[in-house]
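Text of the file structure_37.cif, holding mmCIF, C-alpha atoms and all ligand atoms:
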data_model
loop_
_atom_site.label_atom_id
_atom_site.label_comp_id
_atom_site.auth_asym_id
_atom_site.auth_seq_id
_atom_site.Cartn_x
_atom_site.Cartn_y
_atom_site.Cartn_z
CA MET B 726 22.36 -40.45 -18.43
CA PRO B 727 21.24 -39.53 -14.87
CA ASP B 728 17.51 -39.51 -14.19
CA THR B 729 16.97 -35.71 -13.91
CA HIS B 730 13.33 -35.84 -12.87
CA PHE B 731 12.77 -33.53 -9.90
CA ASP B 732 9.30 -32.81 -8.51
CA ILE B 733 9.16 -29.16 -7.38
CA LEU B 734 5.52 -29.56 -6.31
CA LYS B 735 6.49 -32.10 -3.67
CA ILE B 736 8.75 -29.67 -1.83
CA LEU B 737 6.68 -26.47 -1.88
CA SER B 738 6.11 -24.82 1.49
CA THR B 739 2.57 -24.36 2.82
CA GLY B 740 3.07 -20.58 2.57
CA ALA B 741 4.16 -20.71 -1.07
CA LYS B 742 1.15 -22.91 -1.91
CA ALA B 743 -1.15 -20.42 -0.18
CA LEU B 744 0.06 -17.83 -2.72
CA GLY B 745 -0.66 -20.12 -5.67
CA ALA B 746 2.84 -21.58 -6.27
CA GLY B 747 2.55 -24.86 -8.14
CA THR B 748 -0.81 -24.06 -9.78
CA GLU B 749 -1.29 -23.06 -13.39
CA SER B 750 -3.84 -20.35 -12.72
CA GLU B 751 -3.18 -17.08 -14.55
CA SER B 752 -2.93 -13.82 -12.61
CA ARG B 753 -6.31 -12.06 -12.66
CA TRP B 754 -4.35 -8.81 -12.68
CA GLU B 755 -3.33 -9.39 -16.28
CA ILE B 756 -6.20 -8.22 -18.46
CA PRO B 757 -5.35 -8.66 -22.15
CA THR B 758 -6.37 -6.03 -24.70
CA ILE B 759 -5.76 -5.56 -28.41
CA HIS B 760 -6.72 -1.87 -28.22
CA PRO B 761 -4.07 0.24 -30.03
CA ASP B 762 -3.93 2.94 -27.35
CA PRO B 763 -4.88 1.51 -23.94
CA ILE B 764 -5.05 3.65 -20.78
CA ASP B 765 -3.56 1.72 -17.88
CA LEU B 766 -5.40 2.38 -14.61
CA ALA B 767 -4.29 -0.88 -13.01
CA VAL B 768 -1.18 -0.21 -11.00
CA GLY B 769 -0.67 2.40 -8.26
CA MET B 770 2.63 3.91 -9.35
CA PRO B 771 3.89 7.49 -9.59
CA VAL B 772 3.29 9.18 -12.92
CA PRO B 773 6.52 8.54 -14.92
CA GLU B 774 7.04 12.24 -15.78
CA GLY B 775 6.90 12.99 -12.03
CA ILE B 776 9.88 10.82 -11.14
CA PRO B 777 12.78 13.20 -10.33
CA MET B 778 15.26 11.43 -12.62
CA ASP B 779 17.82 14.24 -12.93
CA SER B 780 17.93 15.05 -9.21
CA MET B 781 18.17 11.40 -8.23
CA ALA B 782 20.95 10.90 -10.80
CA ASP B 783 22.87 13.82 -9.22
CA HIS B 784 22.44 12.56 -5.66
CA ILE B 785 23.30 8.94 -6.52
CA SER B 786 26.40 9.94 -8.49
CA GLN B 787 27.57 12.23 -5.67
CA VAL B 788 27.36 9.27 -3.28
CA LEU B 789 29.22 6.95 -5.63
CA CYS B 790 31.88 9.58 -6.40
CA SER B 791 32.49 10.22 -2.69
CA GLY B 792 35.00 7.39 -2.49
CA ARG B 793 33.29 5.95 0.60
CA TYR B 794 33.36 2.22 -0.02
CA SER B 795 30.92 1.71 2.84
CA GLU B 796 28.18 3.01 0.52
CA MET B 797 28.66 -0.15 -1.55
CA GLU B 798 28.98 -2.59 1.31
CA TYR B 799 26.49 -4.42 3.53
CA GLU B 800 24.60 -2.13 5.88
CA TYR B 801 22.72 -4.57 8.03
CA GLY B 802 21.13 -3.68 11.33
CA ARG B 803 18.84 -0.68 11.06
CA GLY B 804 20.21 0.95 7.88
CA LYS B 805 22.02 4.27 7.38
CA ALA B 806 21.85 6.58 10.40
CA ASP B 807 21.73 9.78 8.23
CA LEU B 808 18.43 8.78 6.69
CA ARG B 809 16.99 7.54 9.98
CA GLU B 810 17.83 10.90 11.56
CA LEU B 811 15.85 12.70 8.88
CA LEU B 812 12.93 10.29 9.26
CA ASN B 813 12.91 11.04 12.98
CA ASP B 814 12.90 14.83 12.51
CA SER B 815 9.24 15.87 12.38
CA ILE B 816 10.09 18.87 10.18
CA HIS B 817 10.34 16.53 7.18
CA GLY B 818 6.84 15.13 7.72
CA PHE B 819 7.64 11.42 8.10
CA THR B 820 6.66 11.23 11.76
CA SER B 821 4.63 13.22 14.23
CA LEU B 822 6.21 11.37 17.17
CA PRO B 823 9.96 11.96 17.01
CA GLN B 824 11.81 9.55 19.29
CA THR B 825 15.33 8.56 18.27
CA PRO B 826 16.80 7.48 14.92
CA ASP B 827 17.02 3.98 16.43
CA ASN B 828 13.24 3.78 16.47
CA PHE B 829 13.46 3.37 12.69
CA ILE B 830 14.68 0.46 10.59
CA LEU B 831 15.05 0.52 6.81
CA PHE B 832 13.80 -2.19 4.47
CA ASN B 833 13.14 -3.04 0.86
CA GLY B 834 9.99 -0.87 0.53
CA SER B 835 6.94 -1.29 2.73
CA SER B 836 6.71 -4.81 1.32
CA GLY B 837 10.04 -5.55 3.00
CA CYS B 838 8.68 -4.07 6.26
CA MET B 839 5.62 -6.32 6.01
CA GLU B 840 7.77 -9.38 5.37
CA SER B 841 9.92 -8.61 8.38
CA PHE B 842 6.95 -7.80 10.62
CA CYS B 843 5.36 -11.17 9.79
CA ALA B 844 8.62 -13.06 10.22
CA THR B 845 9.04 -11.49 13.66
CA PHE B 846 5.51 -11.67 15.05
CA ILE B 847 3.26 -14.09 13.12
CA ASP B 848 3.12 -17.79 13.97
CA PRO B 849 1.07 -20.24 11.88
CA GLY B 850 -2.57 -19.99 12.95
CA ASP B 851 -2.32 -16.52 14.51
CA ILE B 852 -5.30 -14.36 13.61
CA VAL B 853 -4.53 -11.12 11.77
CA LEU B 854 -7.39 -8.67 11.27
CA VAL B 855 -7.28 -6.73 8.02
CA GLU B 856 -9.61 -4.31 6.30
CA GLY B 857 -11.97 -5.86 3.79
CA PRO B 858 -11.00 -4.89 1.13
CA SER B 859 -7.25 -4.41 1.50
CA PHE B 860 -4.08 -4.30 -0.59
CA SER B 861 -3.60 -7.89 -1.74
CA GLY B 862 0.22 -7.66 -1.94
CA THR B 863 0.75 -7.09 1.77
CA VAL B 864 -2.14 -9.33 2.84
CA GLU B 865 -0.59 -12.19 0.89
CA THR B 866 2.56 -11.86 2.99
CA ILE B 867 0.45 -12.67 6.05
CA LEU B 868 -0.86 -15.75 4.25
CA LYS B 869 2.68 -16.81 3.38
CA TYR B 870 3.50 -16.83 7.09
CA GLN B 871 0.31 -18.85 7.61
CA GLY B 872 -1.51 -16.15 9.56
CA ARG B 873 -5.30 -16.58 9.61
CA ILE B 874 -6.86 -13.56 8.01
CA ILE B 875 -10.18 -12.14 9.14
CA GLU B 876 -11.50 -9.31 6.99
CA ILE B 877 -13.27 -6.49 8.84
CA PRO B 878 -15.79 -4.54 6.76
CA LEU B 879 -14.70 -1.01 5.96
CA SER B 880 -16.93 2.06 6.19
CA GLU B 881 -16.21 5.74 5.68
CA GLU B 882 -15.04 5.88 9.32
CA GLY B 883 -12.61 2.98 8.84
CA ILE B 884 -12.91 -0.53 10.22
CA SER B 885 -15.57 -1.13 12.85
CA VAL B 886 -14.29 -1.20 16.43
CA GLU B 887 -17.38 -3.16 17.56
CA VAL B 888 -16.70 -5.94 15.05
CA ILE B 889 -13.08 -6.15 16.24
CA GLU B 890 -14.22 -6.27 19.88
CA ASN B 891 -16.55 -9.20 19.11
CA ILE B 892 -13.80 -11.10 17.35
CA VAL B 893 -11.43 -10.53 20.26
CA GLN B 894 -14.06 -11.75 22.77
CA ASN B 895 -14.74 -14.89 20.70
CA SER B 896 -11.07 -15.61 20.28
CA LEU B 897 -10.61 -15.53 24.06
CA LYS B 898 -13.38 -18.15 24.40
CA ASN B 899 -11.86 -20.31 21.64
CA ARG B 900 -8.28 -19.80 22.85
CA ASP B 901 -7.32 -18.34 19.49
CA VAL B 902 -4.60 -15.73 19.32
CA VAL B 903 -5.46 -12.40 17.70
CA LYS B 904 -1.92 -11.24 17.04
CA ALA B 905 -2.23 -8.15 14.88
CA ILE B 906 -4.42 -5.61 13.11
CA TYR B 907 -3.14 -4.45 9.74
CA THR B 908 -4.62 -1.12 8.65
CA ILE B 909 -3.99 1.30 5.79
CA ASP B 910 -5.64 4.19 7.61
CA ASP B 911 -4.73 7.05 5.25
CA PHE B 912 -5.99 7.11 1.64
CA HIS B 913 -6.55 3.40 1.74
CA ASN B 914 -5.69 1.02 -1.09
CA PRO B 915 -8.06 0.22 -2.81
CA THR B 916 -10.90 2.40 -1.44
CA GLY B 917 -9.18 5.79 -0.99
CA LEU B 918 -10.91 6.13 2.43
CA THR B 919 -9.27 7.68 5.52
CA MET B 920 -10.04 6.43 9.03
CA SER B 921 -11.64 8.96 11.40
CA GLU B 922 -9.68 10.19 14.41
CA SER B 923 -12.19 8.69 16.86
CA ASN B 924 -11.81 5.26 15.26
CA ARG B 925 -8.03 5.57 15.41
CA ARG B 926 -8.18 6.35 19.12
CA ALA B 927 -10.61 3.49 19.80
CA ILE B 928 -8.64 0.91 17.81
CA GLY B 929 -5.37 2.07 19.36
CA GLN B 930 -6.79 1.65 22.88
CA LEU B 931 -8.41 -1.71 22.04
CA ALA B 932 -5.06 -2.99 20.80
CA LEU B 933 -3.28 -1.82 23.96
CA ASP B 934 -5.95 -3.36 26.21
CA ASN B 935 -5.71 -6.74 24.49
CA GLY B 936 -2.00 -7.03 23.69
CA ILE B 937 -2.65 -6.92 19.94
CA MET B 938 -0.04 -5.23 17.74
CA ILE B 939 -1.27 -2.74 15.13
CA LEU B 940 0.66 -2.52 11.88
CA GLU B 941 -0.17 0.91 10.49
CA ASP B 942 0.59 1.13 6.78
CA SER B 943 1.25 4.79 5.95
CA THR B 944 2.28 4.20 2.35
CA TYR B 945 0.07 7.05 1.04
CA SER B 946 0.01 9.36 4.10
CA GLY B 947 2.26 12.05 2.59
CA LEU B 948 0.18 12.29 -0.57
CA PHE B 949 -2.76 14.34 0.70
CA PHE B 950 -4.43 16.82 -1.67
CA ASP B 951 -5.25 19.69 0.73
CA GLU B 952 -5.10 18.74 4.40
CA SER B 953 -2.92 16.19 6.11
CA PRO B 954 -4.84 13.17 7.45
CA PRO B 955 -5.83 12.83 11.15
CA PRO B 956 -3.06 11.94 13.65
CA ASP B 957 -1.57 8.50 13.09
CA ILE B 958 -2.30 5.71 15.56
CA TYR B 959 1.42 5.42 16.30
CA ALA B 960 1.49 8.97 17.66
CA LEU B 961 -1.88 8.61 19.43
CA ASN B 962 -0.58 5.50 21.23
CA GLU B 963 2.75 7.21 21.98
CA GLY B 964 4.52 4.51 20.03
CA GLU B 965 3.24 1.56 22.08
CA GLY B 966 1.44 -1.45 20.60
CA VAL B 967 1.82 -0.04 17.06
CA MET B 968 4.41 -0.23 14.32
CA ARG B 969 4.12 2.24 11.48
CA MET B 970 5.49 1.62 8.04
CA GLY B 971 6.32 4.08 5.29
CA THR B 972 7.96 4.06 1.88
CA PHE B 973 9.50 6.29 -0.78
CA SER B 974 7.82 4.18 -3.49
CA LYS B 975 4.82 6.43 -4.00
CA THR B 976 6.41 9.81 -3.28
CA ILE B 977 9.62 9.29 -5.31
CA ALA B 978 9.76 5.99 -7.24
CA THR B 979 8.85 2.35 -6.68
CA GLY B 980 12.22 1.19 -8.02
CA LEU B 981 14.16 2.71 -5.10
CA ARG B 982 12.88 -0.18 -2.95
CA LEU B 983 13.25 1.88 0.19
CA GLY B 984 10.84 1.89 3.13
CA TRP B 985 10.95 2.05 6.92
CA LEU B 986 9.32 0.76 10.06
CA GLN B 987 8.96 2.96 13.13
CA GLY B 988 8.42 1.25 16.47
CA SER B 989 9.19 1.17 20.18
CA ASP B 990 12.73 0.21 21.28
CA GLY B 991 11.58 -3.34 22.03
CA ALA B 992 9.71 -3.80 18.76
CA ILE B 993 12.56 -2.46 16.59
CA ASP B 994 15.08 -4.56 18.49
CA ALA B 995 13.01 -7.70 17.86
CA ILE B 996 12.66 -6.83 14.15
CA ARG B 997 16.40 -6.12 13.85
CA LYS B 998 17.39 -9.38 15.50
CA SER B 999 15.13 -11.42 13.27
CA ARG B 1000 16.18 -9.75 10.02
CA SER B 1001 18.35 -11.93 7.79
CA ASP B 1002 18.32 -10.08 4.44
CA MET B 1003 21.69 -8.33 4.97
CA GLY B 1004 19.99 -4.93 4.62
CA ASN B 1005 19.11 -2.95 1.51
CA ALA B 1006 21.24 -0.72 -0.73
CA PRO B 1007 23.15 1.82 1.46
CA PHE B 1008 24.04 4.13 -1.45
CA ILE B 1009 20.33 4.54 -2.22
CA GLN B 1010 19.64 5.35 1.44
CA THR B 1011 22.37 8.03 1.42
CA ALA B 1012 21.22 9.47 -1.91
CA VAL B 1013 17.63 9.75 -0.64
CA ALA B 1014 18.91 11.35 2.59
CA SER B 1015 20.78 13.95 0.54
CA PHE B 1016 17.66 14.55 -1.64
CA ILE B 1017 15.68 15.24 1.56
CA GLU B 1018 18.39 17.43 3.15
CA SER B 1019 18.68 19.60 0.04
CA SER B 1020 14.94 20.50 0.44
CA GLU B 1021 14.30 19.09 -3.02
CA TYR B 1022 12.17 16.33 -1.50
CA SER B 1023 9.74 18.73 0.16
CA ARG B 1024 9.38 20.77 -3.08
CA HIS B 1025 8.93 17.56 -5.05
CA VAL B 1026 6.24 16.15 -2.74
CA LYS B 1027 4.31 19.44 -2.77
CA LYS B 1028 4.34 19.33 -6.57
CA MET B 1029 3.20 15.68 -6.61
CA ARG B 1030 0.32 16.39 -4.22
CA SER B 1031 -1.12 19.02 -6.51
CA LEU B 1032 -0.48 16.86 -9.58
CA TYR B 1033 -2.34 13.89 -8.06
CA LYS B 1034 -5.13 16.20 -6.93
CA SER B 1035 -5.59 17.39 -10.52
CA GLN B 1036 -5.40 13.81 -11.85
CA CYS B 1037 -8.02 12.66 -9.35
CA ARG B 1038 -10.23 15.63 -10.28
CA ALA B 1039 -9.91 14.88 -14.00
CA LEU B 1040 -10.89 11.23 -13.54
CA ALA B 1041 -13.75 12.01 -11.14
CA ASP B 1042 -15.14 14.71 -13.47
CA SER B 1043 -14.91 12.45 -16.50
CA LEU B 1044 -16.77 9.65 -14.67
CA LEU B 1045 -19.42 12.05 -13.34
CA ARG B 1046 -19.94 13.52 -16.82
CA HIS B 1047 -20.30 10.23 -18.69
CA CYS B 1048 -21.06 7.40 -16.25
CA SER B 1049 -23.12 8.78 -13.37
CA ASP B 1050 -26.04 6.44 -14.29
CA TYR B 1051 -23.77 3.44 -13.93
CA LEU B 1052 -21.58 4.01 -10.91
CA GLU B 1053 -21.04 5.99 -7.71
CA PHE B 1054 -17.95 6.74 -5.63
CA ILE B 1055 -16.63 8.65 -2.64
CA GLU B 1056 -13.94 11.11 -3.64
CA PRO B 1057 -10.64 10.47 -1.85
CA LYS B 1058 -8.72 13.30 -0.19
CA GLY B 1059 -5.34 11.90 -1.19
CA GLY B 1060 -3.54 8.82 -2.44
CA PHE B 1061 -3.82 7.11 -5.81
CA PHE B 1062 -7.22 5.42 -6.13
CA LEU B 1063 -10.91 5.75 -6.93
CA TRP B 1064 -13.17 2.84 -5.93
CA PRO B 1065 -16.44 3.15 -7.87
CA LYS B 1066 -19.38 0.90 -7.00
CA ILE B 1067 -20.86 -0.43 -10.20
CA LYS B 1068 -24.62 -0.50 -10.72
CA ASN B 1069 -26.58 -2.90 -12.95
CA VAL B 1070 -23.67 -4.87 -14.45
CA ASP B 1071 -21.18 -7.30 -12.99
CA SER B 1072 -17.89 -5.53 -12.21
CA GLU B 1073 -15.76 -8.41 -13.49
CA LEU B 1074 -17.59 -8.44 -16.84
CA LEU B 1075 -17.05 -4.69 -16.93
CA THR B 1076 -13.26 -5.10 -16.68
CA LYS B 1077 -13.36 -7.26 -19.83
CA SER B 1078 -15.70 -4.98 -21.77
CA ALA B 1079 -13.57 -1.97 -20.71
CA ALA B 1080 -10.38 -3.72 -21.88
CA GLU B 1081 -11.91 -3.87 -25.39
CA GLU B 1082 -12.36 -0.10 -25.15
CA GLY B 1083 -8.73 0.28 -24.05
CA LEU B 1084 -9.17 0.69 -20.29
CA ILE B 1085 -7.19 -1.60 -18.02
CA PHE B 1086 -8.17 -1.88 -14.35
CA PRO B 1087 -8.75 -4.66 -11.80
CA ASP B 1088 -12.05 -5.97 -10.53
CA GLY B 1089 -12.65 -5.15 -6.85
CA SER B 1090 -12.88 -8.83 -5.88
CA LEU B 1091 -9.07 -9.05 -6.17
CA PHE B 1092 -8.82 -7.06 -2.94
CA TYR B 1093 -10.69 -9.58 -0.81
CA GLN B 1094 -9.59 -12.97 0.48
CA ASP B 1095 -13.25 -13.94 0.87
CA ARG B 1096 -14.66 -13.00 -2.53
CA SER B 1097 -18.24 -13.23 -1.21
CA LEU B 1098 -17.61 -9.94 0.65
CA HIS B 1099 -17.10 -8.11 -2.62
CA GLN B 1100 -19.83 -5.62 -3.47
CA ASN B 1101 -19.28 -4.95 -7.17
CA HIS B 1102 -16.51 -2.35 -7.18
CA ILE B 1103 -13.65 -1.62 -9.54
CA ARG B 1104 -10.35 0.07 -8.63
CA LEU B 1105 -9.12 2.91 -10.83
CA ALA B 1106 -5.60 4.21 -10.21
CA PHE B 1107 -5.37 7.85 -11.34
CA SER B 1108 -1.70 8.13 -10.33
CA GLY B 1109 -0.07 7.06 -13.59
CA ASN B 1110 -1.79 9.22 -16.24
CA SER B 1111 -2.06 12.92 -17.06
CA PRO B 1112 -5.35 14.80 -16.51
CA LYS B 1113 -5.77 15.02 -20.31
CA ARG B 1114 -5.56 11.27 -20.64
CA LEU B 1115 -7.82 10.66 -17.64
CA ASP B 1116 -10.40 12.94 -19.20
CA GLU B 1117 -10.91 10.25 -21.88
CA VAL B 1118 -11.77 7.53 -19.35
CA GLY B 1119 -15.45 8.39 -18.78
CA LEU B 1120 -16.43 8.12 -22.44
CA ARG B 1121 -14.58 4.85 -22.97
CA LEU B 1122 -16.11 3.40 -19.81
CA ARG B 1123 -19.58 4.51 -20.86
CA ARG B 1124 -19.16 2.57 -24.12
CA ALA B 1125 -18.07 -0.48 -22.08
CA PHE B 1126 -21.27 -0.21 -19.97
CA GLU B 1127 -23.49 0.29 -23.03
CA LYS B 1128 -22.09 -2.82 -24.73
CA LEU B 1129 -22.99 -4.90 -21.68
CA LEU B 1130 -26.44 -3.40 -21.28
CA ASP B 1131 -27.49 -3.61 -24.97
C1 LIG B 1201 -0.99 -0.04 0.92
C2 LIG B 1201 0.30 -0.48 0.34
N1 LIG B 1201 1.24 -0.97 1.14
C3 LIG B 1201 2.43 -1.39 0.66
C4 LIG B 1201 2.71 -1.31 -0.69
C5 LIG B 1201 4.06 -1.78 -1.17
O1 LIG B 1201 4.87 -0.70 -1.44
P1 LIG B 1201 6.46 -0.79 -1.56
O2 LIG B 1201 6.77 -0.47 -2.99
O3 LIG B 1201 6.98 0.24 -0.63
O4 LIG B 1201 6.88 -2.15 -1.20
C6 LIG B 1201 1.75 -0.82 -1.57
C7 LIG B 1201 2.00 -0.79 -3.01
O5 LIG B 1201 1.14 -0.58 -3.82
C8 LIG B 1201 0.50 -0.38 -1.03
O6 LIG B 1201 -0.46 0.10 -1.81
#
Written as structure tokens, that's how I'd like the structure from this file.
Ligand SMILES: Cc1ncc(COP(=O)(O)O)c(C=O)c1O
Amino acid sequence: MPDTHFDILKILSTGAKALGAGTESESRWEIPTIHPDPIDLAVGMPVPEGIPMDSMADHISQVLCSGRYSEMEYEYGRGKADLRELLNDSIHGFTSLPQTPDNFILFNGSSGCMESFCATFIDPGDIVLVEGPSFSGTVETILKYQGRIIEIPLSEEGISVEVIENIVQNSLKNRDVVKAIYTIDDFHNPTGLTMSESNRRAIGQLALDNGIMILEDSTYSGLFFDESPPPDIYALNEGEGVMRMGTFSKTIATGLRLGWLQGSDGAIDAIRKSRSDMGNAPFIQTAVASFIESSEYSRHVKKMRSLYKSQCRALADSLLRHCSDYLEFIEPKGGFFLWPKIKNVDSELLTKSAAEEGLIFPDGSLFYQDRSLHQNHIRLAFSGNSPKRLDEVGLRLRRAFEKLLD
């Protein structure tokens, strides 16, 4: 018998270890409950009934029945030109700075864009400034590439330009490299906040002045309730010193795994040359292009905006009716999330007490790398449940508070 002992732990990369590979710790995202009818407010995904199953089935089968084998073959490089042309046409709402289709490159969701951005630009030890809090999924990618994360406190205006300026000055003295600023400036995950136009202009200029690349994550930008958000930094900077990423995950379905990066010729060329994933599914790219061209996409997104607005309203009203003594929040103008600040009880204990009442949501500390920055918030995703269901949340949450305060 051969000795089959093999020690995986010995060969783990530093990046994998930074994400917890090799440890036995459980994910803090998994909150167990034995409640018979739990309401899941944990994950930011489109409401299942809103996913255009029949239309997507039609468009995908049309592509597959076309007889074009290329739809089922590798499409490396930038991805299908038809879809990139539509992304570049401002009429469809994906960009406010049309350049050429070659200023776009398609990836496996915005997560794939993030992975590729880090692989292209981040060396071990490079400083990357992120909002504190921020979406842990993308921030972890920076950690995997051994970027050094500095969290910049977030206010209603967005991240503070003064704080960034101080960090940049200090890094010059210490010979550290501030390589990038990662911002979710529209309907931020987890806070729902939108950066002001003056902050966007100031951060865009600061990045240009100091040779720092901004990665603007526009995952939620199309999902505004009434008014579109202020101009994106990419457009304000005329495409220089910024890359902007988008995705169809939140507007159509997460399972499409289709997102894009927009950037200057030089930036996209660098990303394209350092990509080694052989591209993502061409038939999905063509089917989504045909969904957009048929105008179904624009009707669908309009419908989803008003649906999410009513879901957000239902959750906010339910919380205001039953829990106003225990929490406060700023109402978002789009996106998927409410970010209540919890008074009098510990937010992490609240997640456990709420799970007993059949409410599943994460503690706010999960959105910080430095947990000491956390100020007792919880994140509630209203995207995945109907207004009727969300109307029940306030009462259940009130019971969870009362149990802790008794
Ligand atoms: C801000 C943000 N960026 C990126 C992603 C990843 O999205 P995708 O499914 O396009 O990879 C998410 C998903 O929740 C997100 O909230």
Inset, instruction - With only C-alpha atoms and all ligand atoms counted, collect every polymer residue having an atom within 8 Å of ligand LIG 1201 (chain B); state the result as a ChimeraX atom specification. - result: /B:768-770,833-839,859-860,862-863,909,913-915,942-945,971-975,979-980,982-984
What would the file look like if the residues just selected were written as a JSON list (two decimals), in the coordinates of the input with C-alpha atoms?
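Wrote again07.json, looks like this:
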[["chain", "number", "residue", "atom", "x", "y", "z"],
["B", 768, "VAL", "CA", -1.18, -0.21, -11.00],
["B", 769, "GLY", "CA", -0.67, 2.40, -8.26],
["B", 770, "MET", "CA", 2.63, 3.91, -9.35],
["B", 833, "ASN", "CA", 13.14, -3.04, 0.86],
["B", 834, "GLY", "CA", 9.99, -0.87, 0.53],
["B", 835, "SER", "CA", 6.94, -1.29, 2.73],
["B", 836, "SER", "CA", 6.71, -4.81, 1.32],
["B", 837, "GLY", "CA", 10.04, -5.55, 3.00],
["B", 838, "CYS", "CA", 8.68, -4.07, 6.26],
["B", 839, "MET", "CA", 5.62, -6.32, 6.01],
["B", 859, "SER", "CA", -7.25, -4.41, 1.50],
["B", 860, "PHE", "CA", -4.08, -4.30, -0.59],
["B", 862, "GLY", "CA", 0.22, -7.66, -1.94],
["B", 863, "THR", "CA", 0.75, -7.09, 1.77],
["B", 909, "ILE", "CA", -3.99, 1.30, 5.79],
["B", 913, "HIS", "CA", -6.55, 3.40, 1.74],
["B", 914, "ASN", "CA", -5.69, 1.02, -1.09],
["B", 915, "PRO", "CA", -8.06, 0.22, -2.81],
["B", 942, "ASP", "CA", 0.59, 1.13, 6.78],
["B", 943, "SER", "CA", 1.25, 4.79, 5.95],
["B", 944, "THR", "CA", 2.28, 4.20, 2.35],
["B", 945, "TYR", "CA", 0.07, 7.05, 1.04],
["B", 971, "GLY", "CA", 6.32, 4.08, 5.29],
["B", 972, "THR", "CA", 7.96, 4.06, 1.88],
["B", 973, "PHE", "CA", 9.50, 6.29, -0.78],
["B", 974, "SER", "CA", 7.82, 4.18, -3.49],
["B", 975, "LYS", "CA", 4.82, 6.43, -4.00],
["B", 979, "THR", "CA", 8.85, 2.35, -6.68],
["B", 980, "GLY", "CA", 12.22, 1.19, -8.02],
["B", 982, "ARG", "CA", 12.88, -0.18, -2.95],
["B", 983, "LEU", "CA", 13.25, 1.88, 0.19],
["B", 984, "GLY", "CA", 10.84, 1.89, 3.13]]
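When the distance limit is 8 Å and only C-alpha atoms are what count, the residues near Ser989 in chain B, minus those fewer than 3 positions from it on the same chain, are Asn828, Gly964, Glu965, Met968, Ala992 and Ile993 of chain B.
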If you keep C-alpha atoms, can you produce a file of those selected residues as an mmCIF file, keeping the file's coordinate frame?
data_model
loop_
_atom_site.group_PDB
_atom_site.id
_atom_site.type_symbol
_atom_site.label_atom_id
_atom_site.label_comp_id
_atom_site.auth_asym_id
_atom_site.auth_seq_id
_atom_site.Cartn_x
_atom_site.Cartn_y
_atom_site.Cartn_z
ATOM 1 C CA ASN B 828 13.240 3.780 16.470
ATOM 2 C CA GLY B 964 4.520 4.510 20.030
ATOM 3 C CA GLU B 965 3.240 1.560 22.080
ATOM 4 C CA MET B 968 4.410 -0.230 14.320
ATOM 5 C CA ALA B 992 9.710 -3.800 18.760
ATOM 6 C CA ILE B 993 12.560 -2.460 16.590
#
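Of the listed residues B:Lys869, B:Gln824, B:Ile816, B:Lys805, the one whose atoms come nearest to Leu744 in chain B is B:Lys869, with distances taken using only C-alpha atoms.
Using only C-alpha atoms, the nearest neighbour of Ala844 in chain B within the list B:Ala1006, B:Val1026, B:Leu1063, B:Ile996 is B:Ile996.
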Please return, as a PyMOL selection string, all polymer residues that have at least one atom within 9 Å of the point (-14.2, -14.6, 3.4); use all atoms listed in the file and the file's own coordinate frame.
-> chain B and resi 874-876+1093-1098
Take the residues from that selection and put them in a file with C-alpha atoms, as a PDB file, in the frame of the given file.
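Result written to selection.pdb:
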ATOM      1  CA  ILE B 874      -6.860 -13.560   8.010  1.00  0.00           C
ATOM      2  CA  ILE B 875     -10.180 -12.140   9.140  1.00  0.00           C
ATOM      3  CA  GLU B 876     -11.500  -9.310   6.990  1.00  0.00           C
ATOM      4  CA  TYR B1093     -10.690  -9.580  -0.810  1.00  0.00           C
ATOM      5  CA  GLN B1094      -9.590 -12.970   0.480  1.00  0.00           C
ATOM      6  CA  ASP B1095     -13.250 -13.940   0.870  1.00  0.00           C
ATOM      7  CA  ARG B1096     -14.660 -13.000  -2.530  1.00  0.00           C
ATOM      8  CA  SER B1097     -18.240 -13.230  -1.210  1.00  0.00           C
ATOM      9  CA  LEU B1098     -17.610  -9.940   0.650  1.00  0.00           C
TER      10      LEU B1098
END
Exercise: range 1100-1111 of chain B partners within 7 Å, only C-alpha atoms, chain neighbours under 3 positions left out, as a list in words:
Leu766, Ala767, Val768, Gly769, Met770, Pro771, Val772, Pro773, Pro915, Tyr1033, Gln1036, Cys1037, Leu1040, Phe1061, Phe1062, Leu1063, Trp1064, Pro1065, Lys1066, Ile1067, Asp1071, Ser1072, Phe1086, Pro1087, Asp1088, Gly1089, Arg1114 and Leu1115 of chain B
request  = Excluding range 891-906 of chain B and residues on its chain fewer than 2 positions from it, collect all residues at most 8 Å away from it, counting all atoms listed in the file, and give them as a list in words.
outcome  = Phe846, Ile847, Gly850, Asp851, Ile852, Val853, Leu854, Val855, Glu887, Val888, Ile889, Thr908, Gly936, Ile937, Met938, Ile939 and Leu940 of chain B
Please write the residues from the selection above to a file, keeping C-alpha atoms, as a short mmCIF file (atom, residue, chain, number, x, y, z; two decimals), in the frame of the given file.
data_model
loop_
_atom_site.label_atom_id
_atom_site.label_comp_id
_atom_site.auth_asym_id
_atom_site.auth_seq_id
_atom_site.Cartn_x
_atom_site.Cartn_y
_atom_site.Cartn_z
CA PHE B 846 5.51 -11.67 15.05
CA ILE B 847 3.26 -14.09 13.12
CA GLY B 850 -2.57 -19.99 12.95
CA ASP B 851 -2.32 -16.52 14.51
CA ILE B 852 -5.30 -14.36 13.61
CA VAL B 853 -4.53 -11.12 11.77
CA LEU B 854 -7.39 -8.67 11.27
CA VAL B 855 -7.28 -6.73 8.02
CA GLU B 887 -17.38 -3.16 17.56
CA VAL B 888 -16.70 -5.94 15.05
CA ILE B 889 -13.08 -6.15 16.24
CA THR B 908 -4.62 -1.12 8.65
CA GLY B 936 -2.00 -7.03 23.69
CA ILE B 937 -2.65 -6.92 19.94
CA MET B 938 -0.04 -5.23 17.74
CA ILE B 939 -1.27 -2.74 15.13
CA LEU B 940 0.66 -2.52 11.88
#
